[in-house]
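**Student:** Got a file for you: data.cif, mmCIF, C-alpha atoms.
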data_run
loop_
_atom_site.label_atom_id
_atom_site.label_comp_id
_atom_site.auth_asym_id
_atom_site.auth_seq_id
_atom_site.Cartn_x
_atom_site.Cartn_y
_atom_site.Cartn_z
CA MET E 1 -122.12 81.33 -39.77
CA LEU E 2 -121.27 81.61 -36.23
CA ALA E 3 -118.47 83.11 -34.43
CA PRO E 4 -116.79 80.94 -31.77
CA ALA E 5 -118.19 81.11 -28.16
CA SER E 6 -116.79 84.11 -26.29
CA GLY E 7 -116.90 84.49 -22.56
CA PRO E 8 -116.48 86.94 -19.73
CA PRO E 9 -113.28 88.95 -19.29
CA ALA E 10 -110.42 87.16 -17.59
CA ILE E 11 -110.87 89.23 -14.45
CA SER E 12 -114.51 89.59 -13.50
CA VAL E 13 -115.80 93.14 -13.15
CA THR E 14 -118.96 91.98 -11.41
CA GLY E 15 -117.30 90.54 -8.33
CA PRO E 16 -116.73 86.96 -7.15
CA GLN E 17 -119.31 84.47 -8.29
CA THR E 18 -118.31 81.24 -6.54
CA GLU E 19 -116.31 80.12 -3.53
CA ALA E 20 -113.34 79.52 -5.82
CA ASP E 21 -113.59 83.09 -7.10
CA LYS E 22 -113.76 84.41 -3.56
CA ASN E 23 -110.71 82.35 -2.61
CA VAL E 24 -108.72 83.64 -5.58
CA LYS E 25 -109.56 87.22 -4.67
CA ARG E 26 -108.89 86.75 -0.95
CA LEU E 27 -105.42 85.33 -1.58
CA GLY E 28 -104.53 87.94 -4.20
CA ASN E 29 -101.60 90.31 -3.84
CA PRO E 30 -102.83 93.93 -3.59
CA GLU E 31 -99.54 95.13 -5.06
CA ASN E 32 -100.42 93.44 -8.37
CA LYS E 33 -103.70 95.29 -8.87
CA ALA E 34 -102.26 97.94 -11.24
CA LEU E 35 -100.27 95.33 -13.19
CA THR E 36 -103.37 93.16 -13.57
CA ALA E 37 -105.34 96.08 -15.02
CA ALA E 38 -102.46 96.93 -17.37
CA ILE E 39 -102.21 93.33 -18.62
CA LYS E 40 -105.95 93.28 -19.28
CA LYS E 41 -105.56 96.46 -21.33
CA ALA E 42 -102.69 94.92 -23.30
CA ALA E 43 -104.85 91.84 -23.91
CA ARG E 44 -107.63 93.96 -25.39
CA GLN E 45 -105.06 95.52 -27.72
CA ARG E 46 -103.74 92.05 -28.68
CA ASP E 47 -100.30 93.09 -27.39
CA TRP E 48 -98.71 89.91 -26.10
CA ASP E 49 -95.21 91.38 -25.75
CA GLY E 50 -96.59 94.20 -23.65
CA ALA E 51 -98.56 91.79 -21.45
CA ALA E 52 -95.55 89.52 -20.95
CA THR E 53 -93.32 92.48 -20.08
CA LEU E 54 -95.81 93.72 -17.50
CA PHE E 55 -96.13 90.25 -16.00
CA ALA E 56 -92.35 90.02 -15.61
CA GLU E 57 -92.43 93.15 -13.44
CA ALA E 58 -94.40 91.37 -10.72
CA LYS E 59 -92.30 90.31 -7.75
CA ALA E 60 -94.90 87.85 -6.45
CA PRO E 61 -97.47 86.95 -9.16
CA ASP E 62 -100.84 85.88 -7.81
CA ALA E 63 -103.73 83.93 -9.35
CA LEU E 64 -105.43 87.07 -10.63
CA LEU E 65 -102.28 88.11 -12.49
CA TYR E 66 -101.93 84.65 -14.05
CA SER E 67 -105.59 84.76 -15.09
CA ALA E 68 -105.01 88.07 -16.86
CA LEU E 69 -101.93 86.68 -18.59
CA PHE E 70 -103.80 83.55 -19.77
CA HIS E 71 -106.56 85.78 -21.11
CA ALA E 72 -103.95 87.75 -23.08
CA ALA E 73 -102.44 84.51 -24.39
CA ASP E 74 -105.89 83.40 -25.54
CA LEU E 75 -106.56 86.62 -27.43
CA CYS E 76 -103.04 86.73 -28.90
CA GLY E 77 -102.82 83.02 -29.77
CA ARG E 78 -99.83 82.15 -27.59
CA PRO E 79 -100.50 78.60 -26.31
CA GLY E 80 -96.88 77.64 -25.65
CA GLU E 81 -96.23 80.53 -23.30
CA ALA E 82 -99.58 80.07 -21.56
CA PHE E 83 -99.08 76.39 -20.78
CA ALA E 84 -95.52 77.04 -19.61
CA ARG E 85 -96.83 79.61 -17.14
CA TYR E 86 -99.58 77.24 -16.05
CA GLU E 87 -96.88 74.85 -14.87
CA ASP E 88 -95.73 77.68 -12.58
CA VAL E 89 -99.26 77.91 -11.18
CA ARG E 90 -99.18 74.22 -10.36
CA ARG E 91 -95.70 74.42 -8.85
CA LEU E 92 -96.62 77.40 -6.67
CA GLY E 93 -99.90 75.83 -5.60
CA LEU E 94 -101.91 78.93 -6.43
CA PRO E 95 -105.70 78.76 -6.17
CA ARG E 96 -107.51 78.19 -9.46
CA ASN E 97 -110.97 78.89 -10.79
CA TRP E 98 -112.71 78.55 -14.13
CA VAL E 99 -111.82 82.13 -15.08
CA MET E 100 -108.17 81.08 -15.04
CA ILE E 101 -108.63 77.69 -16.74
CA THR E 102 -111.12 78.58 -19.50
CA PRO E 103 -108.57 80.46 -21.70
CA LEU E 104 -106.29 77.42 -21.48
CA ILE E 105 -109.11 75.12 -22.61
CA LYS E 106 -109.75 77.43 -25.57
CA LEU E 107 -106.05 77.44 -26.49
CA ALA E 108 -105.90 73.65 -26.32
CA GLY E 109 -109.00 73.45 -28.50
CA ARG E 110 -107.47 75.69 -31.14
CA GLN E 111 -104.46 73.40 -31.25
CA GLY E 112 -106.74 70.40 -31.69
CA ASP E 113 -105.43 68.96 -28.43
CA LEU E 114 -108.62 67.47 -27.01
CA ASP E 115 -106.75 65.37 -24.47
CA ARG E 116 -105.27 68.47 -22.87
CA ALA E 117 -108.62 70.31 -22.98
CA ARG E 118 -110.45 67.41 -21.32
CA GLY E 119 -107.57 66.97 -18.89
CA LEU E 120 -107.91 70.55 -17.68
CA VAL E 121 -111.62 70.04 -17.05
CA GLU E 122 -111.03 66.79 -15.15
CA GLU E 123 -108.28 68.43 -13.12
CA MET E 124 -110.71 71.10 -11.99
CA ARG E 125 -113.38 68.51 -11.23
CA GLU E 126 -110.96 66.66 -8.98
CA ALA E 127 -110.27 69.92 -7.17
CA GLY E 128 -114.00 70.23 -6.49
CA HIS E 129 -114.92 72.76 -9.16
CA ARG E 130 -118.11 71.92 -11.05
CA PRO E 131 -118.14 73.18 -14.66
CA ASP E 132 -120.83 75.59 -15.80
CA GLU E 133 -122.52 76.14 -19.15
CA PHE E 134 -119.77 78.46 -20.37
CA VAL E 135 -117.06 75.85 -19.77
CA CYS E 136 -119.25 73.29 -21.51
CA ALA E 137 -119.62 75.61 -24.52
CA VAL E 138 -115.84 76.10 -24.74
CA LEU E 139 -115.27 72.34 -24.61
CA VAL E 140 -117.88 71.82 -27.33
CA GLU E 141 -116.03 74.37 -29.47
CA ALA E 142 -112.82 72.40 -28.97
CA HIS E 143 -114.48 69.29 -30.41
CA LYS E 144 -115.94 71.32 -33.26
CA ARG E 145 -112.48 72.55 -34.27
CA VAL E 146 -111.32 68.99 -34.93
CA ARG E 147 -114.64 68.15 -36.64
CA ASP E 148 -115.61 65.77 -33.85
CA VAL E 149 -119.37 66.27 -33.98
CA ARG E 150 -120.07 63.11 -32.00
CA GLY E 151 -117.71 64.25 -29.26
CA ALA E 152 -119.35 67.68 -29.12
CA LEU E 153 -122.77 66.09 -28.71
CA GLN E 154 -121.41 63.77 -26.02
CA VAL E 155 -120.03 66.70 -24.02
CA TYR E 156 -123.40 68.43 -24.29
CA THR E 157 -125.31 65.33 -23.25
CA ASP E 158 -123.03 64.50 -20.32
CA MET E 159 -123.13 67.99 -18.88
CA ARG E 160 -126.89 68.19 -19.21
CA GLU E 161 -127.10 64.94 -17.23
CA GLU E 162 -125.03 66.65 -14.55
CA GLY E 163 -127.76 69.25 -14.26
CA ILE E 164 -126.08 72.08 -16.15
CA LEU E 165 -128.75 74.38 -17.52
CA VAL E 166 -128.84 75.05 -21.23
CA SER E 167 -127.97 78.66 -22.01
CA ALA E 168 -128.19 80.51 -25.30
CA LEU E 169 -124.39 80.35 -25.57
CA LEU E 170 -124.18 76.61 -24.91
CA LEU E 171 -127.00 75.81 -27.33
CA SER E 172 -125.46 77.89 -30.13
CA ALA E 173 -122.12 76.15 -29.59
CA VAL E 174 -123.50 72.62 -29.91
CA MET E 175 -125.85 73.57 -32.75
CA SER E 176 -122.95 75.10 -34.65
CA ALA E 177 -120.90 71.94 -34.19
CA VAL E 178 -123.71 69.73 -35.51
CA ALA E 179 -124.50 72.16 -38.34
CA SER E 180 -120.90 71.95 -39.56
CA GLY E 181 -121.66 68.37 -40.54
CA GLY E 182 -124.77 69.34 -42.53
CA ASP E 183 -127.22 67.48 -40.29
CA VAL E 184 -130.35 69.62 -40.57
CA THR E 185 -132.59 67.23 -38.64
CA GLN E 186 -130.27 66.97 -35.63
CA THR E 187 -129.64 70.71 -35.55
CA GLU E 188 -133.37 71.45 -35.52
CA ALA E 189 -133.91 68.76 -32.88
CA LEU E 190 -131.45 70.50 -30.55
CA LEU E 191 -133.35 73.75 -31.00
CA GLN E 192 -136.69 72.11 -30.32
CA ASP E 193 -135.32 70.31 -27.26
CA ALA E 194 -134.24 73.60 -25.67
CA ARG E 195 -137.55 75.40 -26.22
CA GLY E 196 -139.19 76.55 -23.04
CA GLN E 197 -135.89 77.24 -21.29
CA PHE E 198 -135.25 80.50 -23.16
CA GLU E 199 -136.27 82.23 -26.36
CA PRO E 200 -134.05 81.25 -29.32
CA ASN E 201 -132.51 84.13 -31.20
CA VAL E 202 -131.17 84.73 -34.70
CA VAL E 203 -127.86 83.02 -33.85
CA HIS E 204 -129.62 79.69 -33.24
CA PHE E 205 -131.62 79.91 -36.47
CA ASN E 206 -128.42 80.81 -38.32
CA CYS E 207 -127.01 77.51 -37.09
CA VAL E 208 -129.95 75.71 -38.71
CA LEU E 209 -129.41 77.70 -41.91
CA GLN E 210 -125.73 76.78 -41.82
CA ALA E 211 -126.74 73.11 -41.71
CA CYS E 212 -129.08 73.72 -44.67
CA LYS E 213 -126.22 75.33 -46.54
CA ARG E 214 -123.89 72.39 -45.87
CA ALA E 215 -126.55 69.92 -46.93
CA GLY E 216 -127.72 71.96 -49.94
CA ASP E 217 -131.27 71.78 -48.59
CA ALA E 218 -132.89 74.82 -50.17
CA ASP E 219 -136.44 73.91 -49.12
CA ALA E 220 -135.47 73.71 -45.45
CA ALA E 221 -133.52 76.96 -45.69
CA LEU E 222 -136.48 78.84 -47.16
CA ARG E 223 -138.82 77.34 -44.56
CA VAL E 224 -136.58 78.49 -41.71
CA LEU E 225 -136.22 81.97 -43.21
CA ARG E 226 -139.87 82.53 -44.10
CA GLN E 227 -141.75 80.56 -41.45
CA ASP E 228 -139.71 79.49 -38.42
CA MET E 229 -137.87 82.75 -37.80
CA PRO E 230 -140.94 85.03 -38.07
CA ARG E 231 -142.89 82.66 -35.83
CA ALA E 232 -140.18 82.89 -33.15
CA GLY E 233 -139.77 86.65 -33.54
CA ALA E 234 -136.16 86.32 -34.74
CA LYS E 235 -135.23 88.92 -37.35
CA PRO E 236 -132.92 87.54 -40.08
CA ASP E 237 -129.56 89.26 -40.49
CA THR E 238 -126.98 89.33 -43.28
CA ILE E 239 -125.60 85.95 -42.22
CA SER E 240 -129.08 84.45 -42.49
CA TYR E 241 -129.60 85.62 -46.06
CA THR E 242 -126.07 84.62 -47.08
CA SER E 243 -126.62 81.07 -45.84
CA VAL E 244 -129.94 80.84 -47.69
CA LEU E 245 -128.31 81.97 -50.94
CA ALA E 246 -125.57 79.38 -50.46
CA ALA E 247 -128.20 76.67 -49.95
CA LEU E 248 -130.02 77.79 -53.13
CA ARG E 249 -126.78 77.74 -55.09
CA ARG E 250 -125.80 74.27 -53.92
CA ALA E 251 -129.27 72.99 -54.68
CA GLY E 252 -129.11 74.41 -58.21
CA ARG E 253 -132.13 76.66 -57.76
CA PRO E 254 -133.07 79.08 -60.58
CA PRO E 255 -132.17 82.79 -60.48
CA ALA E 256 -135.79 83.67 -59.71
CA ASP E 257 -135.46 82.05 -56.28
CA VAL E 258 -132.28 84.03 -55.64
CA ASP E 259 -133.99 87.25 -56.72
CA GLY E 260 -136.86 86.52 -54.35
CA VAL E 261 -134.54 86.17 -51.34
CA VAL E 262 -132.59 89.29 -52.28
CA GLY E 263 -135.87 91.19 -52.63
CA GLU E 264 -136.95 90.07 -49.17
CA MET E 265 -133.61 91.22 -47.80
CA ARG E 266 -134.03 94.64 -49.39
CA ALA E 267 -137.58 94.96 -48.06
CA ALA E 268 -136.41 94.05 -44.56
CA GLY E 269 -133.72 96.75 -44.71
CA VAL E 270 -130.90 94.30 -43.99
CA PRO E 271 -127.63 95.71 -45.41
CA PRO E 272 -125.41 93.48 -47.56
CA ASP E 273 -121.75 92.84 -46.85
CA ASP E 274 -118.91 91.58 -49.02
CA VAL E 275 -119.54 87.92 -48.15
CA PHE E 276 -123.20 88.22 -49.15
CA LEU E 277 -122.33 89.97 -52.40
CA GLU E 278 -119.78 87.32 -53.32
CA GLU E 279 -122.34 84.62 -52.62
CA GLN E 280 -124.92 86.43 -54.72
CA LEU E 281 -122.42 86.71 -57.55
CA ALA E 282 -121.74 82.98 -57.32
CA CYS E 283 -125.49 82.32 -57.55
CA ILE E 284 -125.95 84.27 -60.78
CA LEU E 285 -122.88 83.09 -62.65
CA PRO E 286 -123.73 80.98 -65.72
CA PRO E 287 -123.32 77.20 -65.41
CA GLY E 288 -119.67 76.16 -65.33
CA ALA E 289 -118.33 79.71 -65.06
CA GLN E 290 -116.94 79.13 -61.58
CA GLU E 291 -115.07 76.02 -62.67
CA ARG E 292 -113.75 77.53 -65.92
CA GLY E 293 -112.89 80.94 -64.51
CA CYS E 294 -113.52 84.08 -66.50
CA ALA E 295 -111.30 85.87 -68.97
CA GLY E 296 -110.11 89.10 -67.41
CA GLU E 297 -111.14 92.31 -69.10
CA ARG E 298 -110.34 95.85 -68.27
CA ALA E 299 -112.73 97.64 -65.93
CA ALA E 300 -114.95 100.29 -67.44
CA GLN E 301 -113.82 103.85 -66.93
CA HIS E 302 -115.97 105.99 -64.68
CA ALA E 303 -116.34 109.72 -64.45
CA GLY E 304 -114.66 111.59 -61.66
CA GLY E 305 -111.08 110.29 -61.70
CA ALA E 306 -108.91 107.23 -62.17
CA GLY E 307 -109.44 105.81 -58.71
CA LEU E 308 -107.74 102.71 -57.33
CA ARG E 309 -108.09 99.12 -58.52
CA ASN E 310 -107.76 96.39 -55.93
CA PRO E 311 -108.14 92.70 -56.89
CA GLN E 312 -109.30 90.28 -54.21
CA ARG E 313 -109.58 86.50 -54.57
CA THR E 314 -113.11 85.16 -54.41
CA ARG E 315 -114.87 81.86 -55.09
CA GLY E 316 -114.16 79.67 -58.09
CA GLY E 317 -110.94 81.39 -59.17
CA HIS E 318 -112.69 84.70 -59.86
CA ARG E 319 -111.36 88.03 -58.80
CA ALA E 320 -113.57 90.77 -57.42
CA TRP E 321 -112.44 94.19 -58.56
CA ARG E 322 -113.39 97.41 -56.89
CA ARG E 323 -112.66 100.70 -58.53
CA GLY E 324 -113.04 103.82 -56.42
CA CYS E 325 -113.74 107.01 -58.30
CA GLY E 326 -114.58 110.57 -57.59
CA PRO E 327 -113.04 113.13 -55.26
CA GLY E 328 -112.19 112.32 -51.69
CA GLY E 329 -110.82 108.80 -52.21
CA ALA E 330 -111.07 106.82 -49.00
CA ALA E 331 -111.32 109.96 -46.87
CA GLY E 332 -115.08 109.89 -46.48
CA GLY E 333 -118.50 110.10 -48.05
CA PHE E 334 -120.38 107.41 -49.96
CA ALA E 335 -119.30 105.62 -53.11
CA ARG E 336 -121.67 103.89 -55.48
CA ARG E 337 -120.82 100.31 -56.39
CA TRP E 338 -121.95 98.08 -59.22
CA ARG E 339 -121.96 94.36 -58.77
CA GLY E 340 -121.81 92.12 -61.80
CA CYS E 341 -119.51 89.79 -63.72
CA ARG E 342 -117.20 92.05 -65.73
CA CYS E 343 -115.91 89.30 -68.00
CA HIS E 344 -119.42 88.95 -69.43
CA GLY E 345 -119.86 92.69 -69.55
CA ARG E 346 -122.50 95.03 -68.29
CA LEU E 347 -125.75 94.74 -70.17
CA GLY E 348 -126.38 97.11 -73.02
CA ALA E 349 -129.65 97.74 -74.82
CA SER E 350 -129.49 94.30 -76.43
CA GLY E 351 -129.33 92.59 -73.07
CA ARG E 352 -126.24 90.65 -74.09
CA GLY E 353 -122.77 90.73 -72.59
CA ARG E 354 -119.44 90.97 -74.34
CA ARG E 355 -119.31 87.25 -74.99
CA GLY E 356 -122.75 87.29 -76.54
CA ARG E 357 -124.26 85.61 -73.49
CA ARG E 358 -127.54 86.85 -72.17
CA TRP E 359 -126.60 88.38 -68.85
CA ARG E 360 -128.31 90.15 -66.03
CA PRO E 361 -127.53 93.78 -65.26
CA PRO E 362 -125.17 94.57 -62.42
CA GLU E 363 -126.80 95.65 -59.20
CA GLU E 364 -126.10 98.93 -57.53
CA TYR E 365 -125.41 99.40 -53.86
CA TYR E 366 -123.72 102.04 -51.75
CA TRP E 367 -120.60 101.94 -49.63
CA ASP E 368 -119.80 104.32 -46.76
CA ARG E 369 -116.09 105.07 -47.08
CA ALA E 370 -115.81 106.15 -43.45
CA SER E 371 -117.38 103.14 -41.75
CA GLY E 372 -116.98 100.49 -44.46
CA ARG E 373 -120.70 99.64 -44.26
CA THR E 374 -122.83 98.88 -47.28
CA GLN E 375 -126.48 99.55 -47.92
CA TRP E 376 -129.05 99.13 -50.66
CA GLN E 377 -130.66 102.56 -50.42
CA PRO E 378 -129.06 105.74 -51.79
CA PRO E 379 -127.66 107.93 -48.98
CA PRO E 380 -129.26 111.30 -48.24
CA GLY E 381 -126.05 113.20 -49.04
CA PRO E 382 -123.92 113.39 -52.19
CA VAL E 383 -122.30 110.27 -53.63
CA ALA E 384 -118.55 110.60 -54.17
CA GLY E 385 -118.20 108.29 -57.14
CA THR E 386 -118.81 104.88 -58.62
CA VAL E 387 -117.18 101.58 -57.82
CA LEU E 388 -117.45 98.61 -60.13
CA ALA E 389 -117.32 95.23 -58.44
CA GLY E 390 -117.12 92.33 -60.83
CA SER E 391 -115.05 89.24 -61.41
CA SER E 392 -112.21 88.26 -63.61
CA GLY E 393 -109.44 85.69 -63.69
CA ALA E 394 -107.34 83.50 -65.90
CA THR E 395 -109.19 80.94 -67.94
#
Could the structure of this file be written out as C-alpha cells, please?

**Tutor:**
Amino acid sequence: MLAPASGPPAISVTGPQTEADKNVKRLGNPENKALTAAIKKAARQRDWDGAATLFAEAKAPDALLYSALFHAADLCGRPGEAFARYEDVRRLGLPRNWVMITPLIKLAGRQGDLDRARGLVEEMREAGHRPDEFVCAVLVEAHKRVRDVRGALQVYTDMREEGILVSALLLSAVMSAVASGGDVTQTEALLQDARGQFEPNVVHFNCVLQACKRAGDADAALRVLRQDMPRAGAKPDTISYTSVLAALRRAGRPPADVDGVVGEMRAAGVPPDDVFLEEQLACILPPGAQERGCAGERAAQHAGGAGLRNPQRTRGGHRAWRRGCGPGGAAGGFARRWRGCRCHGRLGASGRGRRGRRWRPPEEYYWDRASGRTQWQPPPGPVAGTVLAGSSGAT
C-alpha cells in the first residue's frame, strides 16, 4: 500500500525554480529569515503551537513566512488556521507560488473539499502559474481521498494534455487511486502507458498488487510478483508480499500457495513486519475462524521471567498477544517471537491443537528491541528471550 504523495519542503533549499519563486524571494523580508527557519523546524517536530507562536512574533510577515506556516499546518493537520491565514495573504496582496499553495490543496483534500482544492488550482492558473507534476499528484490524491477514481483519472488526463510530463510521483498517485477501486486492468494500463518515460520502481508495482488485493485476483498478483517485477528489475519489499498474501486469502487459495510466497520472501531476505505477520496469520486460520473469533486461552509460560503481555486488536476480532521474556525487557537486544494461533494451541507431537484441530506449528522470527525491526534469521548475538504472538478473543 502506498503512502500519500509527499513533496518538497515548504521553503526550497535548492533556490528559486520559477519566476514566481524568484518574485517571492525578492519581495521577502530579510528580518523574517530566522523566524522562517524556526517555523520550519517546528513543522518538522509537528509542533503547531510553537509554529503559530513564532509566526505571531513577526512584525511584517512575508510570503516565505506564510509558506512555512502553511507547511506546518499541513504536517500538523490544522486546516482551519491555515485557510484563515490564507485570507490574510489575499488581503495583503502578497506574491504566491506553488510552494505556498500546495499545502493548502493537501489540507483541502484531506477534508474532502474538492471544490476548494480545485479552486486553489484555478486561482493560481488565473494568476499565470502553470501547475507541475507535483501539484497534479496532490490534486489526484485529493480525489482519491473521497474515492473519486474517475475524477483522479480526469485530473491526470487533463494535465497530460497540457503537456505536463509524467513523473514517478504523479504516476504512483494516479495508479494508487485506480488501485483503490480494484481495477487491475486499468492500473496496469497506466503503468504500460508511462513506460519509456522513466523506469518504474517497486512503488508502482505495489500499486498493481494493491489492485490485485482489492479484486482478490491471486493469479495476477503472483504474475506481477514472479514475472513482471523481476523483468523490470524491481525488488519486492514487505508491502509487495503483504499484498500478495491478501490477494491469496481473498481468493481462497490453499496454504501451500501462502507457504510458497513466504518461502520466496525468506529467500529474498525481505524482513517481515507486523502487518505482514497479521496477514499471514489471517491466511492460515481455519475456515470461519475469523468470523467466529477464537476462545481466549492463557499464553504459555516461557523461561526467563514473567515479561509483559500486551493485547492488540487485529483482523476478524482476534487479538495478537506478545509476551516479552528474558532479562533486559525493552532495553535492548533481540527477542525471539513465535507466531501462531494460541486458541488452537501450539502443535505437539500429535500435530493437533488444543481443540483437536490439526494445526500448523507457529513460526519463529526475531525482533530487535532497540530498533523495532523484525527478521527471519537468528541474530549473531545472544537472544534475550521468547515472545509468543498469537490470537485470542471472545467467541

**Student:** For this file, the PyMOL selection byres ((chain E and resi 236) around 10) selects which residues, as a list in words?

**Tutor:**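 Output of the PyMOL selection byres ((chain E and resi 236) around 10): Asn201, Val202, Val203, Phe205, Asn206, Val224, Leu225, Arg226, Met229, Pro230, Gly233, Ala234, Lys235, Asp237, Thr238, Ile239, Ser240, Tyr241, Met265, Ala268 and Val270 of chain E.
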
**Student:** Produce a file of the selected residues containing C-alpha atoms, as a PDB file, in the coordinates of the input.

**Tutor:**
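Written file, out15.pdb:
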ATOM      1  CA  ASN E 201    -132.510  84.130 -31.200  1.00  0.00           C
ATOM      2  CA  VAL E 202    -131.170  84.730 -34.700  1.00  0.00           C
ATOM      3  CA  VAL E 203    -127.860  83.020 -33.850  1.00  0.00           C
ATOM      4  CA  PHE E 205    -131.620  79.910 -36.470  1.00  0.00           C
ATOM      5  CA  ASN E 206    -128.420  80.810 -38.320  1.00  0.00           C
ATOM      6  CA  VAL E 224    -136.580  78.490 -41.710  1.00  0.00           C
ATOM      7  CA  LEU E 225    -136.220  81.970 -43.210  1.00  0.00           C
ATOM      8  CA  ARG E 226    -139.870  82.530 -44.100  1.00  0.00           C
ATOM      9  CA  MET E 229    -137.870  82.750 -37.800  1.00  0.00           C
ATOM     10  CA  PRO E 230    -140.940  85.030 -38.070  1.00  0.00           C
ATOM     11  CA  GLY E 233    -139.770  86.650 -33.540  1.00  0.00           C
ATOM     12  CA  ALA E 234    -136.160  86.320 -34.740  1.00  0.00           C
ATOM     13  CA  LYS E 235    -135.230  88.920 -37.350  1.00  0.00           C
ATOM     14  CA  ASP E 237    -129.560  89.260 -40.490  1.00  0.00           C
ATOM     15  CA  THR E 238    -126.980  89.330 -43.280  1.00  0.00           C
ATOM     16  CA  ILE E 239    -125.600  85.950 -42.220  1.00  0.00           C
ATOM     17  CA  SER E 240    -129.080  84.450 -42.490  1.00  0.00           C
ATOM     18  CA  TYR E 241    -129.600  85.620 -46.060  1.00  0.00           C
ATOM     19  CA  MET E 265    -133.610  91.220 -47.800  1.00  0.00           C
ATOM     20  CA  ALA E 268    -136.410  94.050 -44.560  1.00  0.00           C
ATOM     21  CA  VAL E 270    -130.900  94.300 -43.990  1.00  0.00           C
TER      22      VAL E 270
END

**Student:** Quick one: residues within 9 Å of Ala179 (chain E), all atoms listed in the file, excluding same-chain residues fewer than 2 positions away - as a PyMOL selection string?

**Tutor:** chain E and resi 149+174-177+181-184+186-187+207-214

**Student:** So how far away is CA of Ala218 (chain E) from CA of Ala251 (chain E), in Å?

**Tutor:**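 Computing the Euclidean distance for CA of Ala251 (chain E) and CA of Ala218 (chain E) yields 6.1 Å.
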
**Student:** Applied to the shown file, which residues does the PyMOL selection byres ((chain E and resi 63) around 7) return, written as a PyMOL selection string?

**Tutor:** chain E and resi 24+28+61-62+64-67+94-96

**Student:** Interatomic distance between CA of Val244 (chain E) and CA of Leu222 (chain E)?

**Tutor:**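 For CA of Val244 (chain E) relative to CA of Leu222 (chain E), the distance reads 6.9 Å.
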
**Student:** Quick one: of E:Gly119, E:Asp148, E:Leu104, E:Ala60, who's nearest to Leu92 (chain E), counting only C-alpha atoms?

**Tutor:**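 Distance minimum relative to Leu92 (chain E) lands on E:Ala60.
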
**Student:** Just checking: using all atoms listed in the file, which residue out of E:Ala215, E:Ala72, E:Gln192, E:Lys22 ends up closest to Ala38 (chain E)?

**Tutor:**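 So, comparing all the options, the nearest one is E:Ala72.
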
**Student:** Near region 39-45 of chain E, within 6 Å and counting only C-alpha atoms, which residues show up once chain neighbours fewer than 2 positions away are dropped, as a ChimeraX atom specification?

**Tutor:** /E:36-37,47,51,68,72

**Student:** Write out as a list in words each polymer residue whose atoms come within 9 Å of Arg110 (chain E), counting only C-alpha atoms; drop sequence neighbours fewer than 5 positions from it.

**Tutor:**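 That gives Gly77, Pro79, Ile105, Glu141, Ala142, Arg145 and Val146 of chain E.
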
**Student:** Which is closer to Ala247 (chain E) than all the others in E:Arg147, E:His71, E:Arg223, E:Lys59, using only C-alpha atoms?

**Tutor:**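 Looking only at the distances to Ala247 (chain E), the closest residue turns out to be E:Arg223.
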
**Student:** Would you pull region 152-166 of chain E out of the block just shown and save N, CA and C atoms as a PDB file, in the first residue's frame?

**Tutor:**
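Written file, result.pdb:
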ATOM      1  N   ALA E 152      -9.954  11.457 -10.315  1.00  0.00           N
ATOM      2  CA  ALA E 152      -8.496  11.367 -10.288  1.00  0.00           C
ATOM      3  C   ALA E 152      -7.938  11.111 -11.689  1.00  0.00           C
ATOM      4  N   LEU E 153      -8.583  10.200 -12.406  1.00  0.00           N
ATOM      5  CA  LEU E 153      -8.147   9.928 -13.779  1.00  0.00           C
ATOM      6  C   LEU E 153      -8.324  11.143 -14.680  1.00  0.00           C
ATOM      7  N   GLN E 154      -9.404  11.907 -14.458  1.00  0.00           N
ATOM      8  CA  GLN E 154      -9.651  13.083 -15.278  1.00  0.00           C
ATOM      9  C   GLN E 154      -8.587  14.152 -15.047  1.00  0.00           C
ATOM     10  N   VAL E 155      -8.197  14.342 -13.786  1.00  0.00           N
ATOM     11  CA  VAL E 155      -7.123  15.293 -13.483  1.00  0.00           C
ATOM     12  C   VAL E 155      -5.842  14.867 -14.194  1.00  0.00           C
ATOM     13  N   TYR E 156      -5.535  13.592 -14.129  1.00  0.00           N
ATOM     14  CA  TYR E 156      -4.325  13.066 -14.764  1.00  0.00           C
ATOM     15  C   TYR E 156      -4.374  13.267 -16.278  1.00  0.00           C
ATOM     16  N   THR E 157      -5.509  12.957 -16.863  1.00  0.00           N
ATOM     17  CA  THR E 157      -5.643  13.092 -18.317  1.00  0.00           C
ATOM     18  C   THR E 157      -5.547  14.547 -18.746  1.00  0.00           C
ATOM     19  N   ASP E 158      -6.254  15.433 -18.047  1.00  0.00           N
ATOM     20  CA  ASP E 158      -6.255  16.857 -18.414  1.00  0.00           C
ATOM     21  C   ASP E 158      -4.863  17.458 -18.331  1.00  0.00           C
ATOM     22  N   MET E 159      -4.143  17.130 -17.286  1.00  0.00           N
ATOM     23  CA  MET E 159      -2.824  17.732 -17.112  1.00  0.00           C
ATOM     24  C   MET E 159      -1.811  17.151 -18.090  1.00  0.00           C
ATOM     25  N   ARG E 160      -2.002  15.906 -18.484  1.00  0.00           N
ATOM     26  CA  ARG E 160      -1.124  15.361 -19.520  1.00  0.00           C
ATOM     27  C   ARG E 160      -1.383  16.057 -20.849  1.00  0.00           C
ATOM     28  N   GLU E 161      -2.648  16.386 -21.121  1.00  0.00           N
ATOM     29  CA  GLU E 161      -2.969  17.116 -22.345  1.00  0.00           C
ATOM     30  C   GLU E 161      -2.376  18.518 -22.342  1.00  0.00           C
ATOM     31  N   GLU E 162      -2.134  19.059 -21.146  1.00  0.00           N
ATOM     32  CA  GLU E 162      -1.487  20.365 -21.047  1.00  0.00           C
ATOM     33  C   GLU E 162       0.010  20.276 -21.286  1.00  0.00           C
ATOM     34  N   GLY E 163       0.521  19.067 -21.375  1.00  0.00           N
ATOM     35  CA  GLY E 163       1.949  18.899 -21.622  1.00  0.00           C
ATOM     36  C   GLY E 163       2.768  18.642 -20.379  1.00  0.00           C
ATOM     37  N   ILE E 164       2.102  18.369 -19.255  1.00  0.00           N
ATOM     38  CA  ILE E 164       2.830  18.060 -18.032  1.00  0.00           C
ATOM     39  C   ILE E 164       3.425  16.662 -18.155  1.00  0.00           C
ATOM     40  N   LEU E 165       4.717  16.552 -17.910  1.00  0.00           N
ATOM     41  CA  LEU E 165       5.389  15.265 -18.030  1.00  0.00           C
ATOM     42  C   LEU E 165       5.009  14.349 -16.872  1.00  0.00           C
ATOM     43  N   VAL E 166       4.930  13.077 -17.173  1.00  0.00           N
ATOM     44  CA  VAL E 166       4.610  12.092 -16.143  1.00  0.00           C
ATOM     45  C   VAL E 166       5.878  11.784 -15.348  1.00  0.00           C
TER      46      VAL E 166
END
